[in-house]
Amino acid sequence: MRRTDEVYVVGCGMHPFGRDESVTGMDMAERAIREALADAGVAWEDIGYAAGGSDVSGKPDTLVGRLGLTGVPFVNVQNGCATGASTVLAVANALRAGEASLGMAVGFDKHERGAFHVSAARYGLGDWYAETGMMLTTQFFALKTRRYLYEHGISERALAMVAARAFRNGSHHPLAWRRKPLTEQEILDSAEVSPPLTQYMFCSPGQGAAALVLARGDRAFDLCERPVKLASLAFRTRRFGSFEVFSPWLPPGPHRSPSVDAAEAAFRAAGVRPADVQVAQLQDTDSGSELIHLAETGLCGHGEQEELLSAGETDPTGRTPVNTDGGCLAGGEPVGASGLRQFHEVVRQLQGRAPGVQVPGAPRVGFTHVYGAPGISACSVLTV
Amino acid sequence: MTTRLIDEVLFDDGDPPRLAGARCSACTTVVFPRQDSCPKCSNGAMSQHVLPVSGRVWSWTLQAFAPKPPYRPPSGGHRPYHVGYVDLGEVLVEALLAVPRAEIRIGLPVRLTTVPAYQDEDGTEVVTFAFRPDLDGER
């Protein structure tokens, strides 16, 4: 008998990422949910607890008007890039607490083109910060990357290797947005946005939706041939000394990211080591972020990334496959959906039915990582 | 032409103005701009603390495209500009860098200056803080 305090993913669904003017955020969410329900072989009426997240595309709980007015408790989450992980956490905790035996987590978004709009006041900053042109996420990623390359002796070509792998993986993935492979040189030669990062080293705000059906351990194996265990999920905010987006000042250092804390907690709770991970998702809003997150999560040491990348160790056939669906770089970033896309890809990889390139050798341990403003990170370990 | 500082809370009342942060009486953490509580220890009293005027570039980048509002471009329109963190010893401050591309690098000695940010509707030139190369700093 499986324990009732264990939580499993028993179904997943996803609306393709990209741009499609014919659908709204809610339309995509509905499709992802129906696909997840069908995948689990259950009906909306069976869902005893739900959580949904969207940054800009509406109140998720209004989806009950489309899915069925069953009276189900439905929590709305708006938690930046950690929105998806937060919906999974809310549902998993409710299942563990005995509120329900089956739950739904959904995330969706549909953004305007171009860089995200910002409001200084929303981040507790003076208007001067945005008016003088310093409040851009792209600048932060470039500044953190520039410093990281300098401190660890990594070349700018490593950034191109990250993006080239993302577009290569995306080119094989039916749900990805950017499906044209690009060479490292094309990536390096693309328009300068904020050096060392070029246009093709950044993801774009886009649209998409993803949903998961989660079940308590006592139900999971009746519903699903190959349920994927949520072995751990840890969510952290920043501590003093972290180097975050929208920071008019920083302490002298050392600078420790919430990604380090979240990853350590997730590995500890799951009882696995970073070296055990056989398929990973890392937040790659830009090439530099993925490069840094590789080490911050413990998947490699600081400064080892370039060697790892050039040896193909982060490719689907390598030792630690990363972003096998092309990540945010190939998928774009619908903020509310992005974290659940990560779960969708890792779950399908562990079940041996990846929509794109399948990691060979029946991987058993997966990992997801998100990072967002102003200093939040969530990491999970998934196992079969 | 009249000029004004973009936000007086960022500066002391000297001439030329220097950056004004705050320092915690308990743990000596320095923050910028000033705030009333310490983000590190939550214990001490915060008092105004004038920041050093010279330091070194800690990281830098370029803003190649024109940001969306609420960014306000200078009167001649957006031109790509450099941004970075300057290591002032007790604190790193994010700032515009009035440094040419050929000279910019991590470790470059820089000194506080002011640059035009934008013009008010009445033609008042609004200035903000920035750092420029410090030719005496290379010693």
# chains A, B, ... in the order shown; residues from 1 in each chain; ligands from 1
>>> interface_residues(of="chain B", to="chain A", cutoff="9 Å", atoms="only C-alpha atoms", output="NGL selection string")
:B and (6-7 or 29-33 or 39-40 or 58-73 or 83-85 or 87-96 or 106 or 117-118 or 128)
>>> residues_around(residues="stretch 356-364 of chain A", least_positions_apart="6", cutoff="6 Å", atoms="only C-alpha atoms", output="PyMOL selection string")
chain A and resi 172-173+278+316+350+383-384
>>> write_last_selection(atoms="C-alpha atoms", output="short mmCIF file (atom, residue, chain, number, x, y, z; two decimals), in the first residue's frame")
data_model
loop_
_atom_site.label_atom_id
_atom_site.label_comp_id
_atom_site.auth_asym_id
_atom_site.auth_seq_id
_atom_site.Cartn_x
_atom_site.Cartn_y
_atom_site.Cartn_z
CA HIS A 172 12.53 18.28 -32.31
CA HIS A 173 9.77 19.28 -29.90
CA GLN A 278 19.28 12.10 -15.28
CA PRO A 316 19.87 14.50 -24.29
CA LEU A 350 10.56 9.80 -16.82
CA THR A 383 11.37 10.10 -9.54
CA VAL A 384 10.01 6.86 -10.94
#
>>> select_by_dssp(residues="stretch 41-228 of chain A", states="strand (DSSP E or B)", output="PyMOL selection string")
chain A and resi 49-53+74-77+102-110+192-194+197-198+202+207-216+228
>>> closest_residue(among="B:Tyr81, B:Val126, B:Phe11, B:Leu19", to="B:Arg101", atoms="only C-alpha atoms")
B:Tyr81
>>> atom_distance(atom1="atom CA of A:Gly312", atom2="atom CA of A:Arg165")
9.0 Å
>>> select_by_dssp(residues="stretch 98-288 of chain A", states="alpha helix (DSSP H)", output="NGL selection string")
:A and (127-131 or 137-152 or 157-171 or 184-189 or 217-223 or 258-270 or 287-288)
>>> residues_around(residues="stretch 335-346 of chain A", least_positions_apart="6", cutoff="7 Å", atoms="only C-alpha atoms", output="CSV table (one decimal) with N, CA and C atoms, in the first residue's frame")
chain,number,residue,atom,x,y,z
A,12,CYS,N,-0.7,14.8,-17.4
A,12,CYS,CA,-0.2,16.1,-17.7
A,12,CYS,C,-0.7,16.5,-19.1
A,53,GLY,N,-2.3,29.5,-11.9
A,53,GLY,CA,-1.5,30.7,-11.9
A,53,GLY,C,-1.4,31.4,-13.2
A,54,SER,N,-1.5,32.7,-13.2
A,54,SER,CA,-1.3,33.5,-14.4
A,54,SER,C,-0.8,34.9,-14.0
A,55,ASP,N,0.1,35.4,-14.8
A,55,ASP,CA,0.6,36.7,-14.4
A,55,ASP,C,-0.3,37.8,-15.0
A,80,GLY,N,5.3,35.3,-9.9
A,80,GLY,CA,6.4,35.5,-10.8
A,80,GLY,C,6.7,34.2,-11.5
A,81,CYS,N,8.0,34.0,-11.7
A,81,CYS,CA,8.5,32.8,-12.4
A,81,CYS,C,8.3,31.5,-11.6
A,82,ALA,N,8.0,31.7,-10.3
A,82,ALA,CA,7.7,30.5,-9.4
A,82,ALA,C,6.2,30.2,-9.4
A,83,THR,N,5.5,30.8,-10.2
A,83,THR,CA,4.0,30.6,-10.2
A,83,THR,C,3.6,29.1,-10.3
A,84,GLY,N,4.2,28.5,-11.4
A,84,GLY,CA,3.9,27.1,-11.6
A,84,GLY,C,4.2,26.2,-10.5
A,85,ALA,N,5.4,26.4,-10.0
A,85,ALA,CA,5.9,25.5,-8.8
A,85,ALA,C,5.0,25.8,-7.6
A,107,GLY,N,-1.2,26.4,-15.1
A,107,GLY,CA,-0.6,27.7,-15.3
A,107,GLY,C,-0.7,28.2,-16.7
A,108,PHE,N,-0.9,29.4,-16.9
A,108,PHE,CA,-1.1,29.9,-18.3
A,108,PHE,C,-0.7,31.4,-18.4
A,109,ASP,N,-0.4,31.9,-19.6
A,109,ASP,CA,-0.2,33.3,-19.8
A,109,ASP,C,-0.1,33.6,-21.3
A,208,GLY,N,1.3,30.3,-23.6
A,208,GLY,CA,1.2,28.9,-23.5
A,208,GLY,C,0.5,28.5,-22.2
A,209,ALA,N,0.2,27.2,-22.0
A,209,ALA,CA,-0.4,26.7,-20.8
A,209,ALA,C,0.0,25.3,-20.5
A,210,ALA,N,0.0,24.9,-19.3
A,210,ALA,CA,0.3,23.5,-18.9
A,210,ALA,C,-0.4,23.2,-17.6
A,211,ALA,N,-0.7,21.9,-17.5
A,211,ALA,CA,-1.5,21.5,-16.3
A,211,ALA,C,-1.1,20.1,-15.9
A,279,VAL,N,17.7,13.8,-15.9
A,279,VAL,CA,17.1,14.8,-16.8
A,279,VAL,C,16.7,16.0,-15.9
A,281,GLN,N,15.6,20.4,-15.7
A,281,GLN,CA,15.1,21.6,-16.3
A,281,GLN,C,15.6,22.8,-15.5
A,325,ASP,N,13.4,20.0,-23.8
A,325,ASP,CA,12.4,20.5,-24.7
A,325,ASP,C,12.8,21.9,-25.3
A,354,ALA,N,8.6,11.1,-24.1
A,354,ALA,CA,8.9,12.5,-24.3
A,354,ALA,C,8.3,13.0,-25.6
A,366,GLY,N,14.5,13.0,-12.1
A,366,GLY,CA,14.4,14.3,-12.8
A,366,GLY,C,14.5,15.4,-11.8
A,368,THR,N,13.7,19.9,-11.5
A,368,THR,CA,13.2,21.2,-12.1
A,368,THR,C,13.7,22.3,-11.2
A,370,VAL,N,13.2,26.8,-11.1
A,370,VAL,CA,12.8,28.1,-11.6
A,370,VAL,C,13.4,29.1,-10.7
>>> residues_around(residues="B:Ser37", least_positions_apart="2", cutoff="10 Å", atoms="only C-alpha atoms", output="number ranges by chain")
B: 22-24, 31, 34-35, 39-47
>>> write_last_selection(atoms="C-alpha atoms", output="short mmCIF file (atom, residue, chain, number, x, y, z; two decimals), in the first residue's frame")
data_model
loop_
_atom_site.label_atom_id
_atom_site.label_comp_id
_atom_site.auth_asym_id
_atom_site.auth_seq_id
_atom_site.Cartn_x
_atom_site.Cartn_y
_atom_site.Cartn_z
CA ALA B 22 21.99 54.75 5.02
CA ARG B 23 24.07 52.77 7.48
CA CYS B 24 22.94 50.40 10.18
CA VAL B 31 22.25 50.50 1.72
CA ARG B 34 18.34 55.14 2.23
CA GLN B 35 15.74 53.10 4.03
CA PRO B 39 17.60 44.38 5.57
CA LYS B 40 20.33 42.30 7.22
CA CYS B 41 19.84 42.40 10.98
CA SER B 42 16.54 44.28 11.50
CA ASN B 43 18.03 45.49 14.79
CA GLY B 44 19.87 48.75 14.30
CA ALA B 45 18.91 52.33 13.70
CA MET B 46 19.54 53.54 10.16
CA SER B 47 21.17 56.92 9.72
#
>>> residues_around(residues="A:Gly326", least_positions_apart="6", cutoff="6 Å", atoms="only C-alpha atoms", output="MDAnalysis selection string")
chainID A and resid 166:167 169:170
>>> residues_around(residues="A:Gly48", least_positions_apart="6", cutoff="7 Å", atoms="only C-alpha atoms", output="list of chain:residue names")
A:Val72, A:Ala100, A:Ser101, A:Leu102, A:Gly103
>>> residues_around(residues="A:Thr297", least_positions_apart="6", cutoff="7 Å", atoms="only C-alpha atoms", output="PyMOL selection string")
chain A and resi 259-260+263
